[in-house]
Amino acid sequence: MKKNLFLIITLILFVSSSFAFSAKLFKFAFFTDLHISVLKPQNAEDLENAVKDLNMQKNIDFVLVAGDDTDLGDSVSFKITKQILDKLKIPYFISIGNHDTNSGGTESIYFNAVFGSDTFSFKHNEYQFIGFPTSPLDKKSKAHITGKDLKFIKSKLKENGKKNPVFLMTHYPMLDGDVDNWGDLYKILRKYNIKAILGGHYHRNVILNYDEIPGIVNRSTLRAKDIVGGYSIYSVSDSLKVSEKLIGQPEKTWLTLPLNN
C-alpha cells in the first residue's frame with residue numbers, strides 16, 4: 001500500500017512539473033547589425049531573407065533588434081529597414097547602435113522619426129525585457145550610456161522588483177574597452193535578478209562575463225563571406241538555449257546557460 005501511494009505521489013509530482021515546464025517555455029528571435037544602406041543592396045536582401053525565414057518558424061513570440069540597423073544612419077535607410085521589419089508576423093522591439101547615429105552622438109533623430117523611442121520595456125511570461133541604446137558620444141569615443149537611459153533602466157527594474165528575472169538588450173558589449181561607463185550600469189544591475197545582457201556589434205557569436213552577469217553577443221544578419229546570412233533564436237525554460245539559424249537551414253544550439261538562482 002505504501003509503495004503504491006509513493007508511486008502515485010511521484011507520478012503527480014512528475015506530471016505537475018511537466019506542465020510547469022511547458023507553461024514556462026517560450027522562444028524569441030534576435031536580429032542585430034543589419035547595416036541597411038541604399039549603397040549596399042545585399043544587406044537589405046539579407047534582412048529580407050531573415051524575415052522570410054523567421055516567418056516560417058513556429059512558436060517564436062517576438063524579435064529583438066539590437067542596433068546598427070543602418071550603415072550610415074540616414075533617413076532613407078531607416079525607412080527601408082522599417083518596411084522590411086514590418087513584414088514580420090510577430091512583434092519586434094528595436095534600438096540603435098553606433099552606425100545609426102550618423103555623425104556621432106548617442107541619439108538618432110532619423111531613427112526616432114521612423115521607429116519612435118530607442119528604449120523599450122515589456123514583460124513576457126515572468127521575464128522583463130529592457131532595451132536601451134549604446135553609442136559613442138563622438139566618432140573617436142567609446143560607447144556611452146546616457147544619464148537619461150540609466151534612469152530609464154533603473155525605473156523599469158524598480159517597477160519589476162528585485163526577484164523577477166530580467167533580460168537586457170543593447171548594441172555594445174558591456175566591456176571597459178567598449179563602453180566608458182559600464183560601471184555606472186553595473187551599480188544599478190547588481191541589485192536585481194539579471195539573467196543576461198544581449199547584444200551585437202562584434203558580428204559573431206560570443207559569450208562574455210560582465211562581473212558575473214552573462215553577456216551574449218550575437219551574429220549579424222549579414223552573410224558577409226558566407227553564402228547566406230542568419231540570426232539567433234533563444235529558447236527560455238529552466239535553462240537558456242541560444243541557437244544560430246542560417247537561412248534555410250536547421251538551427252544549431254551553440255550556448256546553454258542555467259536560469260535557476
# chains A, B, ... in the order shown; residues from 1 in each chain; ligands from 1
call {"tool": "select_by_dssp", "arguments": {"residues": "range 47-259 of chain A", "states": "strand (DSSP E or B)", "output": "ChimeraX atom specification"}}
result
/A:60-65,70,92-94,120-124,127-131,135-136,143-144,166-169,179,194-199,206-210,213-217,230-236,239-246,252-258
call {"tool": "write_last_selection", "arguments": {"atoms": "C-alpha atoms", "output": "compact mmCIF listing (two decimals), in the first residue's frame"}}
result
# COMPACT_ATOMS: atom_id res chain seq x y z
CA ILE A 60 8.56 32.33 -31.91
CA ASP A 61 6.88 35.04 -29.83
CA PHE A 62 8.77 38.22 -30.76
CA VAL A 63 12.03 39.63 -32.18
CA LEU A 64 14.66 41.84 -30.56
CA VAL A 65 16.68 44.08 -32.91
CA THR A 70 21.50 51.09 -40.84
CA TYR A 92 9.59 43.33 -32.84
CA PHE A 93 11.41 45.67 -30.43
CA ILE A 94 14.30 47.76 -31.69
CA PHE A 120 11.66 49.71 -24.61
CA SER A 121 10.41 47.67 -21.68
CA PHE A 122 7.87 44.86 -21.68
CA LYS A 123 7.02 41.69 -19.79
CA HIS A 124 6.73 38.25 -21.35
CA TYR A 127 10.53 37.83 -17.63
CA GLN A 128 11.10 41.56 -18.02
CA PHE A 129 12.83 42.73 -21.22
CA ILE A 130 14.54 46.13 -21.24
CA GLY A 131 16.21 47.61 -24.31
CA SER A 135 26.65 54.62 -28.90
CA PRO A 136 29.77 56.81 -28.77
CA ALA A 143 30.23 53.87 -26.42
CA HIS A 144 28.28 55.59 -23.66
CA VAL A 166 15.31 40.28 -16.41
CA PHE A 167 16.95 40.26 -19.84
CA LEU A 168 18.61 43.46 -21.08
CA MET A 169 19.34 44.27 -24.72
CA VAL A 179 31.58 51.22 -23.04
CA ILE A 194 19.61 39.95 -14.30
CA LYS A 195 19.77 36.74 -16.32
CA ALA A 196 21.81 38.05 -19.26
CA ILE A 197 22.67 41.12 -21.33
CA LEU A 198 22.16 40.51 -25.06
CA GLY A 199 23.89 42.47 -27.80
CA VAL A 206 30.45 35.17 -28.26
CA ILE A 207 29.77 34.50 -24.56
CA LEU A 208 31.23 37.09 -22.16
CA ASN A 209 31.24 37.73 -18.41
CA TYR A 210 30.11 41.16 -17.20
CA ILE A 213 26.29 38.67 -15.48
CA PRO A 214 26.34 36.60 -18.70
CA GLY A 215 26.92 38.70 -21.81
CA ILE A 216 25.70 37.12 -25.04
CA VAL A 217 26.94 38.66 -28.29
CA GLY A 230 21.30 34.26 -40.41
CA TYR A 231 20.05 35.26 -36.98
CA SER A 232 19.66 33.89 -33.45
CA ILE A 233 16.86 32.00 -31.71
CA TYR A 234 16.57 31.99 -27.90
CA SER A 235 14.69 29.25 -26.04
CA VAL A 236 13.78 30.08 -22.43
CA SER A 239 17.70 26.99 -18.98
CA LEU A 240 18.55 29.43 -21.74
CA LYS A 241 19.49 27.97 -25.12
CA VAL A 242 20.90 30.16 -27.87
CA SER A 243 20.91 28.84 -31.43
CA GLU A 244 22.27 30.15 -34.71
CA LYS A 245 19.73 29.95 -37.53
CA LEU A 246 21.24 30.13 -41.01
CA LYS A 252 22.15 24.86 -34.19
CA THR A 253 22.45 25.45 -30.45
CA TRP A 254 25.80 26.99 -29.52
CA LEU A 255 25.16 28.04 -25.92
CA THR A 256 23.19 26.71 -22.93
CA LEU A 257 23.02 28.51 -19.58
CA PRO A 258 21.08 27.62 -16.40
call {"tool": "closest_residue", "arguments": {"among": "A:Lys148, A:Arg223, A:Lys139, A:Lys82", "to": "Gly116 in chain A", "atoms": "only C-alpha atoms"}}
result
A:Lys82
call {"tool": "atom_distance", "arguments": {"atom1": "CA of Asp176 in chain A", "atom2": "CA of Asn193 in chain A"}}
result
22.0 Å
call {"tool": "closest_residue", "arguments": {"among": "A:Leu189, A:Ile145, A:Leu259, A:Ile153", "to": "Lys24 in chain A", "atoms": "only C-alpha atoms"}}
result
A:Leu259
call {"tool": "closest_residue", "arguments": {"among": "A:Arg204, A:Lys87, A:Lys154, A:Lys142", "to": "Thr32 in chain A", "atoms": "only C-alpha atoms"}}
result
A:Arg204
call {"tool": "closest_residue", "arguments": {"among": "A:Leu47, A:Leu34, A:Leu25, A:Leu85", "to": "Asn59 in chain A", "atoms": "only C-alpha atoms"}}
result
A:Leu25
call {"tool": "atom_distance", "arguments": {"atom1": "CA of Asn112 in chain A", "atom2": "CA of Asp100 in chain A"}}
result
10.6 Å
call {"tool": "closest_residue", "arguments": {"among": "A:Lys225, A:Leu137, A:Asp178, A:Ala66", "to": "Thr101 in chain A", "atoms": "only C-alpha atoms"}}
result
A:Leu137
call {"tool": "select_by_dssp", "arguments": {"residues": "range 62-227 of chain A", "states": "alpha helix (DSSP H)", "output": "number ranges by chain"}}
result
A: 75-85, 109-115, 147-160, 182-189
call {"tool": "write_last_selection", "arguments": {"atoms": "C-alpha atoms", "output": "short mmCIF file (atom, residue, chain, number, x, y, z; two decimals), in the first residue's frame"}}
result
data_model
loop_
_atom_site.label_atom_id
_atom_site.label_comp_id
_atom_site.auth_asym_id
_atom_site.auth_seq_id
_atom_site.Cartn_x
_atom_site.Cartn_y
_atom_site.Cartn_z
CA SER A 75 16.60 58.68 -43.12
CA VAL A 76 16.05 56.63 -46.30
CA SER A 77 17.84 53.58 -44.89
CA PHE A 78 15.77 53.70 -41.70
CA LYS A 79 12.60 53.74 -43.78
CA ILE A 80 13.80 50.72 -45.78
CA THR A 81 14.65 48.91 -42.53
CA LYS A 82 11.16 49.52 -41.16
CA GLN A 83 9.48 48.44 -44.40
CA ILE A 84 11.29 45.10 -44.21
CA LEU A 85 10.83 44.53 -40.46
CA ILE A 109 16.63 61.91 -34.90
CA TYR A 110 16.06 59.84 -38.04
CA PHE A 111 15.55 56.65 -36.02
CA ASN A 112 13.15 58.40 -33.66
CA ALA A 113 11.19 59.82 -36.59
CA VAL A 114 10.74 56.35 -38.12
CA PHE A 115 10.57 54.00 -35.12
CA GLY A 147 22.09 59.51 -17.77
CA LYS A 148 18.57 59.52 -19.21
CA ASP A 149 18.84 55.87 -20.21
CA LEU A 150 20.36 54.87 -16.86
CA LYS A 151 17.33 56.46 -15.14
CA PHE A 152 15.01 54.61 -17.54
CA ILE A 153 16.65 51.26 -16.77
CA LYS A 154 16.63 51.92 -13.02
CA SER A 155 12.95 52.89 -13.01
CA LYS A 156 11.91 49.79 -15.01
CA LEU A 157 13.94 47.48 -12.77
CA LYS A 158 12.40 49.06 -9.69
CA GLU A 159 8.91 48.50 -11.11
CA ASN A 160 9.76 44.88 -11.91
CA TRP A 182 29.67 50.32 -17.89
CA GLY A 183 30.39 50.57 -14.14
CA ASP A 184 27.53 53.03 -13.67
CA LEU A 185 25.12 50.50 -15.14
CA TYR A 186 26.53 47.64 -13.07
CA LYS A 187 25.91 49.56 -9.84
CA ILE A 188 22.22 49.50 -10.77
CA LEU A 189 22.06 45.94 -12.11
#
call {"tool": "residues_around", "arguments": {"residues": "Ile96 in chain A", "least_positions_apart": "6", "cutoff": "7 Å", "atoms": "only C-alpha atoms", "output": "PyMOL selection string"}}
result
chain A and resi 66-69+118+133+171
call {"tool": "closest_residue", "arguments": {"among": "A:Gly73, A:Pro250, A:Gly161, A:Gly229", "to": "Ser108 in chain A", "atoms": "only C-alpha atoms"}}
result
A:Gly73
call {"tool": "decode", "arguments": {"residues": "range 203-238 of chain A", "atoms": "N, CA and C atoms", "output": "PDB file, in the first residue's frame"}}
result
ATOM      1  N   HIS A 203      29.501  41.080 -34.665  1.00  0.00           N
ATOM      2  CA  HIS A 203      29.112  40.305 -35.862  1.00  0.00           C
ATOM      3  C   HIS A 203      29.412  38.815 -35.712  1.00  0.00           C
ATOM      4  N   ARG A 204      29.500  38.329 -34.504  1.00  0.00           N
ATOM      5  CA  ARG A 204      29.749  36.899 -34.307  1.00  0.00           C
ATOM      6  C   ARG A 204      29.196  36.464 -32.955  1.00  0.00           C
ATOM      7  N   ASN A 205      29.069  35.164 -32.755  1.00  0.00           N
ATOM      8  CA  ASN A 205      28.542  34.622 -31.503  1.00  0.00           C
ATOM      9  C   ASN A 205      29.658  34.524 -30.463  1.00  0.00           C
ATOM     10  N   VAL A 206      29.449  35.170 -29.316  1.00  0.00           N
ATOM     11  CA  VAL A 206      30.452  35.174 -28.257  1.00  0.00           C
ATOM     12  C   VAL A 206      29.734  35.173 -26.908  1.00  0.00           C
ATOM     13  N   ILE A 207      30.263  34.430 -25.934  1.00  0.00           N
ATOM     14  CA  ILE A 207      29.772  34.501 -24.559  1.00  0.00           C
ATOM     15  C   ILE A 207      30.809  35.254 -23.727  1.00  0.00           C
ATOM     16  N   LEU A 208      30.353  36.263 -22.976  1.00  0.00           N
ATOM     17  CA  LEU A 208      31.232  37.092 -22.161  1.00  0.00           C
ATOM     18  C   LEU A 208      30.751  37.092 -20.711  1.00  0.00           C
ATOM     19  N   ASN A 209      31.572  37.645 -19.832  1.00  0.00           N
ATOM     20  CA  ASN A 209      31.240  37.726 -18.411  1.00  0.00           C
ATOM     21  C   ASN A 209      31.322  39.180 -17.978  1.00  0.00           C
ATOM     22  N   TYR A 210      30.157  39.777 -17.674  1.00  0.00           N
ATOM     23  CA  TYR A 210      30.114  41.158 -17.204  1.00  0.00           C
ATOM     24  C   TYR A 210      29.968  41.154 -15.670  1.00  0.00           C
ATOM     25  N   ASP A 211      31.069  40.993 -14.955  1.00  0.00           N
ATOM     26  CA  ASP A 211      31.010  40.930 -13.485  1.00  0.00           C
ATOM     27  C   ASP A 211      29.951  39.948 -13.020  1.00  0.00           C
ATOM     28  N   GLU A 212      30.021  38.731 -13.550  1.00  0.00           N
ATOM     29  CA  GLU A 212      29.165  37.592 -13.214  1.00  0.00           C
ATOM     30  C   GLU A 212      27.762  37.672 -13.824  1.00  0.00           C
ATOM     31  N   ILE A 213      27.513  38.656 -14.670  1.00  0.00           N
ATOM     32  CA  ILE A 213      26.292  38.671 -15.478  1.00  0.00           C
ATOM     33  C   ILE A 213      26.664  38.154 -16.861  1.00  0.00           C
ATOM     34  N   PRO A 214      26.008  37.097 -17.364  1.00  0.00           N
ATOM     35  CA  PRO A 214      26.345  36.599 -18.699  1.00  0.00           C
ATOM     36  C   PRO A 214      26.098  37.660 -19.773  1.00  0.00           C
ATOM     37  N   GLY A 215      27.069  37.815 -20.657  1.00  0.00           N
ATOM     38  CA  GLY A 215      26.924  38.697 -21.809  1.00  0.00           C
ATOM     39  C   GLY A 215      26.914  37.860 -23.079  1.00  0.00           C
ATOM     40  N   ILE A 216      25.830  37.943 -23.836  1.00  0.00           N
ATOM     41  CA  ILE A 216      25.699  37.117 -25.040  1.00  0.00           C
ATOM     42  C   ILE A 216      25.722  38.025 -26.271  1.00  0.00           C
ATOM     43  N   VAL A 217      26.778  37.894 -27.056  1.00  0.00           N
ATOM     44  CA  VAL A 217      26.940  38.663 -28.293  1.00  0.00           C
ATOM     45  C   VAL A 217      26.495  37.786 -29.449  1.00  0.00           C
ATOM     46  N   ASN A 218      25.727  38.367 -30.380  1.00  0.00           N
ATOM     47  CA  ASN A 218      25.079  37.591 -31.441  1.00  0.00           C
ATOM     48  C   ASN A 218      25.591  37.932 -32.835  1.00  0.00           C
ATOM     49  N   ARG A 219      25.474  36.991 -33.719  1.00  0.00           N
ATOM     50  CA  ARG A 219      25.879  37.146 -35.111  1.00  0.00           C
ATOM     51  C   ARG A 219      25.036  38.217 -35.804  1.00  0.00           C
ATOM     52  N   SER A 220      25.563  38.773 -36.861  1.00  0.00           N
ATOM     53  CA  SER A 220      24.850  39.727 -37.705  1.00  0.00           C
ATOM     54  C   SER A 220      23.899  38.988 -38.645  1.00  0.00           C
ATOM     55  N   THR A 221      22.899  39.697 -39.145  1.00  0.00           N
ATOM     56  CA  THR A 221      22.037  39.115 -40.186  1.00  0.00           C
ATOM     57  C   THR A 221      22.755  39.050 -41.538  1.00  0.00           C
ATOM     58  N   LEU A 222      23.898  39.729 -41.652  1.00  0.00           N
ATOM     59  CA  LEU A 222      24.621  39.779 -42.925  1.00  0.00           C
ATOM     60  C   LEU A 222      25.282  38.445 -43.263  1.00  0.00           C
ATOM     61  N   ARG A 223      25.348  38.147 -44.529  1.00  0.00           N
ATOM     62  CA  ARG A 223      26.010  36.905 -44.953  1.00  0.00           C
ATOM     63  C   ARG A 223      27.527  37.048 -44.951  1.00  0.00           C
ATOM     64  N   ALA A 224      28.024  38.307 -45.075  1.00  0.00           N
ATOM     65  CA  ALA A 224      29.467  38.564 -45.135  1.00  0.00           C
ATOM     66  C   ALA A 224      30.115  37.708 -46.232  1.00  0.00           C
ATOM     67  N   LYS A 225      31.043  36.816 -45.861  1.00  0.00           N
ATOM     68  CA  LYS A 225      31.712  35.984 -46.863  1.00  0.00           C
ATOM     69  C   LYS A 225      31.031  34.622 -47.042  1.00  0.00           C
ATOM     70  N   ASP A 226      29.924  34.413 -46.318  1.00  0.00           N
ATOM     71  CA  ASP A 226      29.203  33.148 -46.432  1.00  0.00           C
ATOM     72  C   ASP A 226      28.174  33.205 -47.552  1.00  0.00           C
ATOM     73  N   ILE A 227      27.561  32.072 -47.839  1.00  0.00           N
ATOM     74  CA  ILE A 227      26.557  32.003 -48.911  1.00  0.00           C
ATOM     75  C   ILE A 227      25.255  32.660 -48.477  1.00  0.00           C
ATOM     76  N   VAL A 228      24.875  32.452 -47.211  1.00  0.00           N
ATOM     77  CA  VAL A 228      23.635  33.026 -46.682  1.00  0.00           C
ATOM     78  C   VAL A 228      23.909  33.698 -45.336  1.00  0.00           C
ATOM     79  N   GLY A 229      22.982  34.576 -44.923  1.00  0.00           N
ATOM     80  CA  GLY A 229      23.055  35.203 -43.614  1.00  0.00           C
ATOM     81  C   GLY A 229      22.315  34.375 -42.585  1.00  0.00           C
ATOM     82  N   GLY A 230      22.006  34.988 -41.457  1.00  0.00           N
ATOM     83  CA  GLY A 230      21.299  34.262 -40.413  1.00  0.00           C
ATOM     84  C   GLY A 230      20.911  35.154 -39.261  1.00  0.00           C
ATOM     85  N   TYR A 231      20.469  34.535 -38.185  1.00  0.00           N
ATOM     86  CA  TYR A 231      20.050  35.255 -36.984  1.00  0.00           C
ATOM     87  C   TYR A 231      20.081  34.280 -35.814  1.00  0.00           C
ATOM     88  N   SER A 232      19.638  34.724 -34.643  1.00  0.00           N
ATOM     89  CA  SER A 232      19.665  33.887 -33.446  1.00  0.00           C
ATOM     90  C   SER A 232      18.256  33.562 -32.981  1.00  0.00           C
ATOM     91  N   ILE A 233      18.106  32.389 -32.364  1.00  0.00           N
ATOM     92  CA  ILE A 233      16.856  32.004 -31.714  1.00  0.00           C
ATOM     93  C   ILE A 233      17.157  31.635 -30.270  1.00  0.00           C
ATOM     94  N   TYR A 234      16.427  32.249 -29.341  1.00  0.00           N
ATOM     95  CA  TYR A 234      16.570  31.993 -27.902  1.00  0.00           C
ATOM     96  C   TYR A 234      15.406  31.151 -27.412  1.00  0.00           C
ATOM     97  N   SER A 235      15.706  30.089 -26.673  1.00  0.00           N
ATOM     98  CA  SER A 235      14.691  29.249 -26.042  1.00  0.00           C
ATOM     99  C   SER A 235      14.840  29.393 -24.528  1.00  0.00           C
ATOM    100  N   VAL A 236      13.754  29.799 -23.864  1.00  0.00           N
ATOM    101  CA  VAL A 236      13.784  30.079 -22.432  1.00  0.00           C
ATOM    102  C   VAL A 236      12.883  29.098 -21.693  1.00  0.00           C
ATOM    103  N   SER A 237      13.460  28.360 -20.755  1.00  0.00           N
ATOM    104  CA  SER A 237      12.687  27.474 -19.878  1.00  0.00           C
ATOM    105  C   SER A 237      13.399  27.459 -18.534  1.00  0.00           C
ATOM    106  N   ASP A 238      13.798  26.284 -18.050  1.00  0.00           N
ATOM    107  CA  ASP A 238      14.633  26.241 -16.846  1.00  0.00           C
ATOM    108  C   ASP A 238      16.088  26.547 -17.185  1.00  0.00           C
TER     109      ASP A 238
END
